[in-house]
Structures are given as structure tokens and as C-alpha cells.
file entry05.pdb (PDB, C-alpha atoms)
ATOM      1  CA  MET A   1      -2.195 -80.135 -36.207  1.00  0.00           C
ATOM      2  CA  THR A   2      -4.112 -83.409 -35.994  1.00  0.00           C
ATOM      3  CA  ILE A   3      -3.400 -85.472 -32.892  1.00  0.00           C
ATOM      4  CA  LYS A   4      -4.456 -89.099 -32.620  1.00  0.00           C
ATOM      5  CA  THR A   5      -6.548 -89.583 -29.516  1.00  0.00           C
ATOM      6  CA  ILE A   6      -5.415 -92.508 -27.365  1.00  0.00           C
ATOM      7  CA  ASN A   7      -8.355 -94.294 -25.754  1.00  0.00           C
ATOM      8  CA  VAL A   8      -7.561 -95.564 -22.269  1.00  0.00           C
ATOM      9  CA  GLY A   9     -10.189 -98.016 -21.030  1.00  0.00           C
ATOM     10  CA  ILE A  10     -10.090 -98.905 -17.337  1.00  0.00           C
ATOM     11  CA  TYR A  11     -11.955-102.047 -16.320  1.00  0.00           C
ATOM     12  CA  ILE A  12     -13.716-101.854 -12.955  1.00  0.00           C
ATOM     13  CA  TYR A  13     -15.976-104.223 -11.057  1.00  0.00           C
ATOM     14  CA  GLU A  14     -17.615-104.761  -7.683  1.00  0.00           C
ATOM     15  CA  GLN A  15     -15.064-104.332  -4.868  1.00  0.00           C
ATOM     16  CA  ALA A  16     -12.379-102.881  -7.140  1.00  0.00           C
ATOM     17  CA  GLU A  17      -9.687-100.985  -5.230  1.00  0.00           C
ATOM     18  CA  VAL A  18     -10.543 -97.286  -5.490  1.00  0.00           C
ATOM     19  CA  LEU A  19      -7.074 -95.867  -6.129  1.00  0.00           C
ATOM     20  CA  ASP A  20      -6.298 -98.677  -8.587  1.00  0.00           C
ATOM     21  CA  PHE A  21      -8.648 -97.063 -11.083  1.00  0.00           C
ATOM     22  CA  SER A  22      -8.958 -93.502  -9.764  1.00  0.00           C
ATOM     23  CA  GLY A  23      -5.187 -92.947  -9.695  1.00  0.00           C
ATOM     24  CA  PRO A  24      -4.568 -93.911 -13.345  1.00  0.00           C
ATOM     25  CA  PHE A  25      -7.753 -92.060 -14.362  1.00  0.00           C
ATOM     26  CA  GLU A  26      -6.355 -88.913 -12.769  1.00  0.00           C
ATOM     27  CA  VAL A  27      -2.974 -89.364 -14.472  1.00  0.00           C
ATOM     28  CA  PHE A  28      -4.365 -89.680 -17.988  1.00  0.00           C
ATOM     29  CA  SER A  29      -7.052 -87.024 -17.570  1.00  0.00           C
ATOM     30  CA  THR A  30      -4.503 -84.592 -16.097  1.00  0.00           C
ATOM     31  CA  ALA A  31      -2.040 -85.346 -18.890  1.00  0.00           C
ATOM     32  CA  ALA A  32      -4.766 -84.565 -21.414  1.00  0.00           C
ATOM     33  CA  ARG A  33      -5.376 -81.198 -19.724  1.00  0.00           C
ATOM     34  CA  VAL A  34      -1.744 -80.100 -19.576  1.00  0.00           C
ATOM     35  CA  TYR A  35      -0.863 -81.319 -23.080  1.00  0.00           C
ATOM     36  CA  GLN A  36      -0.473 -78.445 -25.540  1.00  0.00           C
ATOM     37  CA  TYR A  37      -2.848 -80.152 -27.981  1.00  0.00           C
ATOM     38  CA  PRO A  38      -6.035 -81.138 -26.094  1.00  0.00           C
ATOM     39  CA  GLY A  39      -7.539 -84.516 -26.742  1.00  0.00           C
ATOM     40  CA  LEU A  40      -4.418 -86.658 -26.516  1.00  0.00           C
ATOM     41  CA  PHE A  41      -5.910 -89.075 -23.964  1.00  0.00           C
ATOM     42  CA  ASN A  42      -9.554 -90.111 -23.693  1.00  0.00           C
ATOM     43  CA  VAL A  43      -9.837 -92.065 -20.459  1.00  0.00           C
ATOM     44  CA  PHE A  44     -13.012 -93.852 -19.394  1.00  0.00           C
ATOM     45  CA  LEU A  45     -14.294 -96.537 -17.030  1.00  0.00           C
ATOM     46  CA  VAL A  46     -15.736 -99.769 -18.402  1.00  0.00           C
ATOM     47  CA  ALA A  47     -17.736-102.389 -16.509  1.00  0.00           C
ATOM     48  CA  GLU A  48     -19.946-105.272 -17.599  1.00  0.00           C
ATOM     49  CA  THR A  49     -22.892-102.860 -17.729  1.00  0.00           C
ATOM     50  CA  THR A  50     -23.427 -99.173 -17.043  1.00  0.00           C
ATOM     51  CA  ASP A  51     -25.102 -99.936 -13.722  1.00  0.00           C
ATOM     52  CA  PRO A  52     -23.486 -98.349 -10.631  1.00  0.00           C
ATOM     53  CA  VAL A  53     -20.414-100.241  -9.416  1.00  0.00           C
ATOM     54  CA  LYS A  54     -19.648-100.443  -5.702  1.00  0.00           C
ATOM     55  CA  ALA A  55     -15.891-100.386  -5.282  1.00  0.00           C
ATOM     56  CA  ARG A  56     -14.093-100.989  -1.992  1.00  0.00           C
ATOM     57  CA  ALA A  57     -15.700 -99.536   1.143  1.00  0.00           C
ATOM     58  CA  GLY A  58     -18.916 -98.734  -0.717  1.00  0.00           C
ATOM     59  CA  TYR A  59     -17.330 -96.150  -3.038  1.00  0.00           C
ATOM     60  CA  THR A  60     -19.913 -96.112  -5.824  1.00  0.00           C
ATOM     61  CA  VAL A  61     -19.130 -95.023  -9.376  1.00  0.00           C
ATOM     62  CA  LEU A  62     -20.938 -94.957 -12.702  1.00  0.00           C
ATOM     63  CA  PRO A  63     -18.939 -96.559 -15.513  1.00  0.00           C
ATOM     64  CA  ALA A  64     -19.100 -94.680 -18.792  1.00  0.00           C
ATOM     65  CA  TYR A  65     -19.573 -97.847 -20.819  1.00  0.00           C
ATOM     66  CA  GLY A  66     -20.582-101.488 -20.632  1.00  0.00           C
ATOM     67  CA  PHE A  67     -19.019-104.330 -22.587  1.00  0.00           C
ATOM     68  CA  ASP A  68     -21.229-103.831 -25.646  1.00  0.00           C
ATOM     69  CA  GLU A  69     -20.882-100.115 -26.242  1.00  0.00           C
ATOM     70  CA  HIS A  70     -17.424 -98.735 -25.473  1.00  0.00           C
ATOM     71  CA  PRO A  71     -15.041 -97.151 -27.990  1.00  0.00           C
ATOM     72  CA  ASN A  72     -12.014 -99.004 -29.295  1.00  0.00           C
ATOM     73  CA  ILE A  73      -9.484 -99.385 -26.478  1.00  0.00           C
ATOM     74  CA  ASP A  74      -5.844 -98.552 -27.219  1.00  0.00           C
ATOM     75  CA  VAL A  75      -4.613 -98.954 -23.644  1.00  0.00           C
ATOM     76  CA  LEU A  76      -6.432-101.505 -21.489  1.00  0.00           C
ATOM     77  CA  LEU A  77      -6.002-101.138 -17.728  1.00  0.00           C
ATOM     78  CA  VAL A  78      -7.412-103.728 -15.326  1.00  0.00           C
ATOM     79  CA  ALA A  79      -7.867-102.549 -11.763  1.00  0.00           C
ATOM     80  CA  GLY A  80      -7.233-104.760  -8.777  1.00  0.00           C
ATOM     81  CA  GLY A  81      -9.492-105.445  -5.838  1.00  0.00           C
ATOM     82  CA  VAL A  82     -11.492-108.434  -4.659  1.00  0.00           C
ATOM     83  CA  HIS A  83     -10.893-110.286  -7.894  1.00  0.00           C
ATOM     84  CA  TYR A  84     -12.055-113.854  -7.232  1.00  0.00           C
ATOM     85  CA  GLY A  85     -15.584-113.390  -8.508  1.00  0.00           C
ATOM     86  CA  GLU A  86     -14.343-111.766 -11.712  1.00  0.00           C
ATOM     87  CA  MET A  87     -11.999-114.680 -12.411  1.00  0.00           C
ATOM     88  CA  ALA A  88     -15.006-117.024 -12.492  1.00  0.00           C
ATOM     89  CA  LYS A  89     -17.004-114.968 -15.010  1.00  0.00           C
ATOM     90  CA  THR A  90     -16.813-116.312 -18.558  1.00  0.00           C
ATOM     91  CA  SER A  91     -18.142-113.037 -19.963  1.00  0.00           C
ATOM     92  CA  VAL A  92     -15.345-111.067 -18.290  1.00  0.00           C
ATOM     93  CA  MET A  93     -12.633-113.466 -19.441  1.00  0.00           C
ATOM     94  CA  GLN A  94     -13.903-113.395 -23.021  1.00  0.00           C
ATOM     95  CA  TRP A  95     -14.124-109.608 -23.045  1.00  0.00           C
ATOM     96  CA  LEU A  96     -10.595-109.253 -21.685  1.00  0.00           C
ATOM     97  CA  LYS A  97      -9.263-111.621 -24.341  1.00  0.00           C
ATOM     98  CA  ARG A  98     -10.929-109.628 -27.111  1.00  0.00           C
ATOM     99  CA  GLN A  99      -9.593-106.335 -25.822  1.00  0.00           C
ATOM    100  CA  ALA A 100      -6.096-107.742 -25.364  1.00  0.00           C
ATOM    101  CA  GLN A 101      -6.039-108.809 -29.006  1.00  0.00           C
ATOM    102  CA  ARG A 102      -6.895-105.274 -30.137  1.00  0.00           C
ATOM    103  CA  ALA A 103      -5.160-103.015 -27.605  1.00  0.00           C
ATOM    104  CA  GLU A 104      -1.686-101.640 -28.126  1.00  0.00           C
ATOM    105  CA  LEU A 105      -0.889-101.907 -24.424  1.00  0.00           C
ATOM    106  CA  ILE A 106      -2.371-104.191 -21.759  1.00  0.00           C
ATOM    107  CA  THR A 107      -1.845-103.086 -18.175  1.00  0.00           C
ATOM    108  CA  SER A 108      -2.908-104.017 -14.667  1.00  0.00           C
ATOM    109  CA  VAL A 109      -2.716-102.571 -11.192  1.00  0.00           C
ATOM    110  CA  CYS A 110      -2.370-104.683  -8.074  1.00  0.00           C
ATOM    111  CA  THR A 111      -4.415-107.911  -8.339  1.00  0.00           C
ATOM    112  CA  GLY A 112      -5.709-106.982 -11.785  1.00  0.00           C
ATOM    113  CA  VAL A 113      -2.948-109.224 -13.086  1.00  0.00           C
ATOM    114  CA  PHE A 114      -4.852-112.234 -11.712  1.00  0.00           C
ATOM    115  CA  LEU A 115      -7.595-111.500 -14.248  1.00  0.00           C
ATOM    116  CA  LEU A 116      -5.072-111.229 -17.073  1.00  0.00           C
ATOM    117  CA  ALA A 117      -3.571-114.549 -16.042  1.00  0.00           C
ATOM    118  CA  GLN A 118      -6.937-116.283 -15.689  1.00  0.00           C
ATOM    119  CA  ALA A 119      -7.862-115.069 -19.178  1.00  0.00           C
ATOM    120  CA  GLY A 120      -4.616-116.464 -20.581  1.00  0.00           C
ATOM    121  CA  ILE A 121      -3.351-113.030 -21.590  1.00  0.00           C
ATOM    122  CA  VAL A 122      -0.246-113.421 -19.457  1.00  0.00           C
ATOM    123  CA  THR A 123       1.224-116.893 -19.328  1.00  0.00           C
ATOM    124  CA  ASP A 124       4.969-116.866 -18.654  1.00  0.00           C
ATOM    125  CA  GLN A 125       5.844-113.164 -18.734  1.00  0.00           C
ATOM    126  CA  GLN A 126       7.433-111.101 -16.014  1.00  0.00           C
ATOM    127  CA  VAL A 127       4.673-109.542 -13.905  1.00  0.00           C
ATOM    128  CA  THR A 128       4.124-108.084 -10.471  1.00  0.00           C
ATOM    129  CA  THR A 129       1.280-107.400  -8.067  1.00  0.00           C
ATOM    130  CA  HIS A 130       0.622-106.160  -4.533  1.00  0.00           C
ATOM    131  CA  HIS A 131       3.315-107.551  -2.240  1.00  0.00           C
ATOM    132  CA  GLN A 132       0.783-109.401  -0.102  1.00  0.00           C
ATOM    133  CA  ASP A 133      -0.605-111.229  -3.152  1.00  0.00           C
ATOM    134  CA  VAL A 134       2.702-112.408  -4.614  1.00  0.00           C
ATOM    135  CA  PRO A 135       2.596-115.881  -2.974  1.00  0.00           C
ATOM    136  CA  GLU A 136      -0.927-116.560  -4.238  1.00  0.00           C
ATOM    137  CA  LEU A 137      -0.112-115.368  -7.756  1.00  0.00           C
ATOM    138  CA  LYS A 138       2.899-117.682  -7.846  1.00  0.00           C
ATOM    139  CA  ALA A 139       0.848-120.599  -6.538  1.00  0.00           C
ATOM    140  CA  LEU A 140      -2.075-120.165  -8.944  1.00  0.00           C
ATOM    141  CA  PHE A 141       0.021-119.389 -12.022  1.00  0.00           C
ATOM    142  CA  PRO A 142       3.428-121.034 -11.498  1.00  0.00           C
ATOM    143  CA  ALA A 143       4.586-120.390 -15.075  1.00  0.00           C
ATOM    144  CA  LEU A 144       4.553-116.631 -14.508  1.00  0.00           C
ATOM    145  CA  ASP A 145       7.812-114.898 -13.617  1.00  0.00           C
ATOM    146  CA  VAL A 146       6.549-112.900 -10.650  1.00  0.00           C
ATOM    147  CA  LEU A 147       8.878-110.103  -9.569  1.00  0.00           C
ATOM    148  CA  GLU A 148       8.885-108.744  -6.046  1.00  0.00           C
ATOM    149  CA  ASN A 149       9.859-105.331  -4.672  1.00  0.00           C
ATOM    150  CA  VAL A 150       9.233-103.465  -7.926  1.00  0.00           C
ATOM    151  CA  ARG A 151       6.752-100.681  -8.622  1.00  0.00           C
ATOM    152  CA  TRP A 152       5.978-101.935 -12.122  1.00  0.00           C
ATOM    153  CA  VAL A 153       7.382-104.285 -14.735  1.00  0.00           C
ATOM    154  CA  GLN A 154       7.062-104.318 -18.517  1.00  0.00           C
ATOM    155  CA  SER A 155       7.154-107.425 -20.694  1.00  0.00           C
ATOM    156  CA  GLY A 156       6.505-106.569 -24.330  1.00  0.00           C
ATOM    157  CA  ASN A 157       3.204-104.726 -24.524  1.00  0.00           C
ATOM    158  CA  ILE A 158       2.120-105.908 -21.069  1.00  0.00           C
ATOM    159  CA  ILE A 159       2.792-103.749 -18.025  1.00  0.00           C
ATOM    160  CA  SER A 160       1.778-104.702 -14.490  1.00  0.00           C
ATOM    161  CA  SER A 161       2.230-102.716 -11.305  1.00  0.00           C
ATOM    162  CA  GLY A 162       2.292-103.308  -7.619  1.00  0.00           C
ATOM    163  CA  GLY A 163      -0.524-102.258  -5.358  1.00  0.00           C
ATOM    164  CA  ILE A 164      -2.611 -99.119  -5.268  1.00  0.00           C
ATOM    165  CA  SER A 165      -0.289 -96.075  -5.524  1.00  0.00           C
ATOM    166  CA  ALA A 166       2.159 -98.016  -7.722  1.00  0.00           C
ATOM    167  CA  GLY A 167      -0.473 -97.765 -10.443  1.00  0.00           C
ATOM    168  CA  ILE A 168       0.094 -94.014 -10.548  1.00  0.00           C
ATOM    169  CA  ASP A 169       3.827 -94.523 -11.141  1.00  0.00           C
ATOM    170  CA  MET A 170       3.030 -97.029 -13.883  1.00  0.00           C
ATOM    171  CA  SER A 171       0.527 -94.694 -15.509  1.00  0.00           C
ATOM    172  CA  LEU A 172       3.053 -91.852 -15.564  1.00  0.00           C
ATOM    173  CA  GLN A 173       5.496 -94.265 -17.181  1.00  0.00           C
ATOM    174  CA  LEU A 174       2.850 -95.004 -19.829  1.00  0.00           C
ATOM    175  CA  VAL A 175       2.380 -91.284 -20.445  1.00  0.00           C
ATOM    176  CA  SER A 176       6.145 -90.909 -20.874  1.00  0.00           C
ATOM    177  CA  GLU A 177       6.228 -93.766 -23.407  1.00  0.00           C
ATOM    178  CA  LEU A 178       3.198 -92.563 -25.353  1.00  0.00           C
ATOM    179  CA  ALA A 179       3.744 -88.807 -25.239  1.00  0.00           C
ATOM    180  CA  GLY A 180       7.182 -88.095 -23.797  1.00  0.00           C
ATOM    181  CA  VAL A 181       8.899 -87.721 -20.433  1.00  0.00           C
ATOM    182  CA  GLU A 182       8.294 -83.969 -20.364  1.00  0.00           C
ATOM    183  CA  LEU A 183       4.534 -84.415 -20.370  1.00  0.00           C
ATOM    184  CA  ALA A 184       4.761 -87.129 -17.699  1.00  0.00           C
ATOM    185  CA  GLU A 185       6.836 -84.830 -15.489  1.00  0.00           C
ATOM    186  CA  LYS A 186       4.422 -81.928 -16.007  1.00  0.00           C
ATOM    187  CA  THR A 187       1.529 -84.253 -15.176  1.00  0.00           C
ATOM    188  CA  ALA A 188       3.190 -85.442 -11.963  1.00  0.00           C
ATOM    189  CA  GLY A 189       3.910 -81.813 -11.039  1.00  0.00           C
ATOM    190  CA  GLN A 190       0.310 -80.796 -11.669  1.00  0.00           C
ATOM    191  CA  MET A 191      -0.809 -83.663  -9.430  1.00  0.00           C
ATOM    192  CA  GLU A 192       1.798 -82.743  -6.798  1.00  0.00           C
ATOM    193  CA  PHE A 193       2.903 -86.348  -6.933  1.00  0.00           C
ATOM    194  CA  HIS A 194       6.467 -87.598  -6.485  1.00  0.00           C
ATOM    195  CA  TRP A 195       6.909 -89.852  -9.518  1.00  0.00           C
ATOM    196  CA  ARG A 196       9.182 -92.816  -8.953  1.00  0.00           C
ATOM    197  CA  LYS A 197      10.617 -93.225 -12.454  1.00  0.00           C
ATOM    198  CA  GLN A 198      12.449 -96.422 -11.639  1.00  0.00           C
ATOM    199  CA  ASN A 199      10.893 -99.849 -11.127  1.00  0.00           C
ATOM    200  CA  ASN A 200      11.907-100.189  -7.496  1.00  0.00           C
TER
END

call {"tool": "encode", "arguments": {"input": "entry05.pdb", "output": "C-alpha cells"}}
result
Amino acid sequence: MTIKTINVGIYIYEQAEVLDFSGPFEVFSTAARVYQYPGLFNVFLVAETTDPVKARAGYTVLPAYGFDEHPNIDVLLVAGGVHYGEMAKTSVMQWLKRQAQRAELITSVCTGVFLLAQAGIVTDQQVTTHHQDVPELKALFPALDVLENVRWVQSGNIISSGGISAGIDMSLQLVSELAGVELAEKTAGQMEFHWRKQNN
């Protein structure tokens, strides 16, 4: 049986929040392991270049790909973190726009939604972010419909989550949509994680 591999590209950058990208990475890689047909999800980290990236607290990782060499991305996930510098980078905004035009699903964890908004990928949709960053998101992008006290929210093919661990809930929701609830539940069980299936 031929199974279409779903490429999940996670964008990381200097001072990205560790669990924002590590949590979803673990969800998709675990789902690929427990799926009865291996190869369902191919998850990888993307940064501007393949140079080491220092995430929060000096947690250093090596992205698999830079902007010019990664595979086609079916599911784009933008991690949160100290995002201000990324918002000012033309190269990052242009890359995000290109990927958003091609990806089937565009997702963000925590303050990753600020990058989607700065790039014009989200304009007036329902979104969410870390509870402490809600006021700033509303102030910077007043046309957005920013929801509070939710784990994640979906608006068309755009899904945003609250902070840090909420990205794991969102990623399990993505697994359930792409491959079924049973696989998502098995993945959560393998991770010994209590999956909050509801938004709140």
C-alpha cells in the first residue's frame, strides 16, 4: 500500500521557545512511529540557514534545512519565542509568504502567530497566542479576531495555538485531522500525554 508522506516543516530561529518546536516535533515523529504504515509524517526543522540555532536559554539545535534547500512543506508550523527580530526580516517574511501559498495547513504556536500576521498570512481570521501576549497581538494587528482562554483555534487552513504546551494539543489535533483520531490517541498514549481534545 502506497502512503503519501506528509512533510511537516517547523520554522525555528534564534530565541525560539524550546517546547514550541520540540513538542510538535515529538508529536509528528511519534505518530509516524506508531502508524501501521511507516513514513506517514516527515517532520523537520527549517531555519534561514543550517547554522546552529540558539533557542531559549541557550538550547542549541541544528536545523535540517535552510530556506533554499528544504523539501516541499505540506504543513507549515511557526514556533513562538522572542519574535521581534524575525518580524523585521524581509527574507523571513518572504519565505513565510511563499510557504503559506503552497502548504495545505499553516500553523503557529504561541507568538509564532505574530510572524504570520506580519507577513500578511493572517489578516482578520480568528487566532490565538500565549495569554500574556494577547494584548500586544490585539494592539499590533487590530483586524485580527484574537480569542482568549483557548488551547487552539482553526480558521480555514490556519490553526494557531496558545503558548508552549498548547502546541502539543494542537499538533495532536492536526494528526487526528490528517490521519484519524485513533492515531492521535495512540500517539498521545505513547507520549504519556493527556490530550485536551477541546479548544479550552

call {"tool": "residues_around", "arguments": {"input": "entry05.pdb", "residues": "segment 124-139 of chain A", "least_positions_apart": "6", "cutoff": "10 Å", "atoms": "all atoms listed in the file", "output": "MDAnalysis selection string"}}
result
chainID A and resid 80 108:114 117 145:156 158:164 166

call {"tool": "closest_residue", "arguments": {"input": "entry05.pdb", "among": "A:Ile10, A:Ala55, A:Ala64, A:Leu40", "to": "Ala179 of chain A", "atoms": "all atoms listed in the file"}}
result
A:Leu40

call {"tool": "closest_residue", "arguments": {"input": "entry05.pdb", "among": "A:Pro71, A:Gly167, A:Gly23, A:Gly9", "to": "Ala47 of chain A", "atoms": "only C-alpha atoms"}}
result
A:Gly9

call {"tool": "atom_distance", "arguments": {"input": "entry05.pdb", "atom1": "atom CA of Gly189 of chain A", "atom2": "atom CA of Glu26 of chain A"}}
result
12.6 Å

call {"tool": "axis_aligned_box", "arguments": {"input": "entry05.pdb", "around": "segment 72-88 of chain A", "padding_each_side": "8 Å", "output": "lines of an AutoDock Vina configuration file"}}
result
center_x = -10.1
center_y = -107.8
center_z = -17.0
size_x = 27.0
size_y = 34.5
size_z = 40.6

call {"tool": "resolve_selection", "arguments": {"input": "entry05.pdb", "expression": "the PyMOL selection byres ((chain A and resi 6) around 8)", "output": "PDB file with C-alpha atoms, keeping the file's coordinate frame"}}
result
ATOM      1  CA  LYS A   4      -4.456 -89.099 -32.620  1.00  0.00           C
ATOM      2  CA  THR A   5      -6.548 -89.583 -29.516  1.00  0.00           C
ATOM      3  CA  ASN A   7      -8.355 -94.294 -25.754  1.00  0.00           C
ATOM      4  CA  VAL A   8      -7.561 -95.564 -22.269  1.00  0.00           C
ATOM      5  CA  LEU A  40      -4.418 -86.658 -26.516  1.00  0.00           C
ATOM      6  CA  PHE A  41      -5.910 -89.075 -23.964  1.00  0.00           C
ATOM      7  CA  ASN A  42      -9.554 -90.111 -23.693  1.00  0.00           C
ATOM      8  CA  ASP A  74      -5.844 -98.552 -27.219  1.00  0.00           C
ATOM      9  CA  VAL A  75      -4.613 -98.954 -23.644  1.00  0.00           C
TER      10      VAL A  75
END

call {"tool": "atom_distance", "arguments": {"input": "entry05.pdb", "atom1": "atom CA of Asp68 of chain A", "atom2": "atom CA of Val175 of chain A"}}
result
27.2 Å

call {"tool": "closest_residue", "arguments": {"input": "entry05.pdb", "among": "A:Leu45, A:Val181, A:Ala32, A:Ala103", "to": "Pro63 of chain A", "atoms": "only C-alpha atoms"}}
result
A:Leu45

call {"tool": "build_atoms", "arguments": {"input": "entry05.pdb", "residues": "segment 106-137 of chain A", "atoms": "N, CA and C atoms", "output": "short mmCIF file (atom, residue, chain, number, x, y, z; two decimals), in the coordinates of the input"}}
result
data_model
loop_
_atom_site.label_atom_id
_atom_site.label_comp_id
_atom_site.auth_asym_id
_atom_site.auth_seq_id
_atom_site.Cartn_x
_atom_site.Cartn_y
_atom_site.Cartn_z
N ILE A 106 -1.51 -103.53 -22.73
CA ILE A 106 -2.37 -104.19 -21.76
C ILE A 106 -1.72 -104.02 -20.40
N THR A 107 -2.44 -103.42 -19.47
CA THR A 107 -1.84 -103.09 -18.18
C THR A 107 -2.75 -103.53 -17.03
N SER A 108 -2.14 -103.66 -15.86
CA SER A 108 -2.91 -104.02 -14.67
C SER A 108 -2.30 -103.33 -13.46
N VAL A 109 -3.15 -103.11 -12.48
CA VAL A 109 -2.72 -102.57 -11.19
C VAL A 109 -3.06 -103.59 -10.13
N CYS A 110 -2.11 -103.83 -9.23
CA CYS A 110 -2.37 -104.68 -8.07
C CYS A 110 -2.83 -106.08 -8.52
N THR A 111 -3.96 -106.56 -8.02
CA THR A 111 -4.42 -107.91 -8.34
C THR A 111 -5.14 -107.99 -9.68
N GLY A 112 -5.16 -106.91 -10.43
CA GLY A 112 -5.71 -106.98 -11.78
C GLY A 112 -4.99 -107.99 -12.65
N VAL A 113 -3.73 -108.26 -12.31
CA VAL A 113 -2.95 -109.22 -13.09
C VAL A 113 -3.51 -110.64 -12.96
N PHE A 114 -4.22 -110.92 -11.86
CA PHE A 114 -4.85 -112.23 -11.71
C PHE A 114 -5.88 -112.44 -12.83
N LEU A 115 -6.60 -111.39 -13.18
CA LEU A 115 -7.60 -111.50 -14.25
C LEU A 115 -6.91 -111.72 -15.60
N LEU A 116 -5.81 -111.02 -15.82
CA LEU A 116 -5.07 -111.23 -17.07
C LEU A 116 -4.54 -112.66 -17.16
N ALA A 117 -4.09 -113.19 -16.05
CA ALA A 117 -3.57 -114.55 -16.04
C ALA A 117 -4.70 -115.57 -16.23
N GLN A 118 -5.81 -115.36 -15.56
CA GLN A 118 -6.94 -116.28 -15.69
C GLN A 118 -7.46 -116.30 -17.12
N ALA A 119 -7.39 -115.17 -17.80
CA ALA A 119 -7.86 -115.07 -19.18
C ALA A 119 -6.83 -115.59 -20.17
N GLY A 120 -5.66 -115.95 -19.69
CA GLY A 120 -4.62 -116.46 -20.58
C GLY A 120 -3.89 -115.38 -21.35
N ILE A 121 -4.02 -114.14 -20.92
CA ILE A 121 -3.35 -113.03 -21.59
C ILE A 121 -1.89 -112.96 -21.17
N VAL A 122 -1.63 -113.23 -19.91
CA VAL A 122 -0.25 -113.42 -19.46
C VAL A 122 -0.09 -114.89 -19.09
N THR A 123 1.01 -115.46 -19.54
CA THR A 123 1.22 -116.89 -19.33
C THR A 123 2.57 -117.19 -18.66
N ASP A 124 3.65 -116.63 -19.23
CA ASP A 124 4.97 -116.87 -18.65
C ASP A 124 5.80 -115.59 -18.59
N GLN A 125 5.14 -114.44 -18.74
CA GLN A 125 5.84 -113.16 -18.73
C GLN A 125 6.26 -112.74 -17.32
N GLN A 126 7.11 -111.74 -17.28
CA GLN A 126 7.43 -111.10 -16.01
C GLN A 126 6.26 -110.20 -15.63
N VAL A 127 5.79 -110.35 -14.41
CA VAL A 127 4.67 -109.54 -13.90
C VAL A 127 4.93 -109.22 -12.44
N THR A 128 4.09 -108.35 -11.91
CA THR A 128 4.12 -108.08 -10.47
C THR A 128 2.72 -107.78 -9.99
N THR A 129 2.57 -107.69 -8.68
CA THR A 129 1.28 -107.40 -8.07
C THR A 129 1.54 -106.84 -6.67
N HIS A 130 0.49 -106.61 -5.92
CA HIS A 130 0.62 -106.16 -4.53
C HIS A 130 1.48 -107.16 -3.76
N HIS A 131 2.36 -106.66 -2.91
CA HIS A 131 3.32 -107.55 -2.24
C HIS A 131 2.63 -108.66 -1.44
N GLN A 132 1.46 -108.38 -0.89
CA GLN A 132 0.78 -109.40 -0.10
C GLN A 132 0.19 -110.51 -0.97
N ASP A 133 0.02 -110.25 -2.26
CA ASP A 133 -0.60 -111.23 -3.15
C ASP A 133 0.40 -112.00 -4.00
N VAL A 134 1.68 -111.71 -3.83
CA VAL A 134 2.70 -112.41 -4.61
C VAL A 134 2.66 -113.92 -4.40
N PRO A 135 2.61 -114.42 -3.16
CA PRO A 135 2.60 -115.88 -2.97
C PRO A 135 1.42 -116.56 -3.68
N GLU A 136 0.24 -115.95 -3.60
CA GLU A 136 -0.93 -116.56 -4.24
C GLU A 136 -0.80 -116.54 -5.75
N LEU A 137 -0.28 -115.44 -6.30
CA LEU A 137 -0.11 -115.37 -7.76
C LEU A 137 0.85 -116.44 -8.23
#
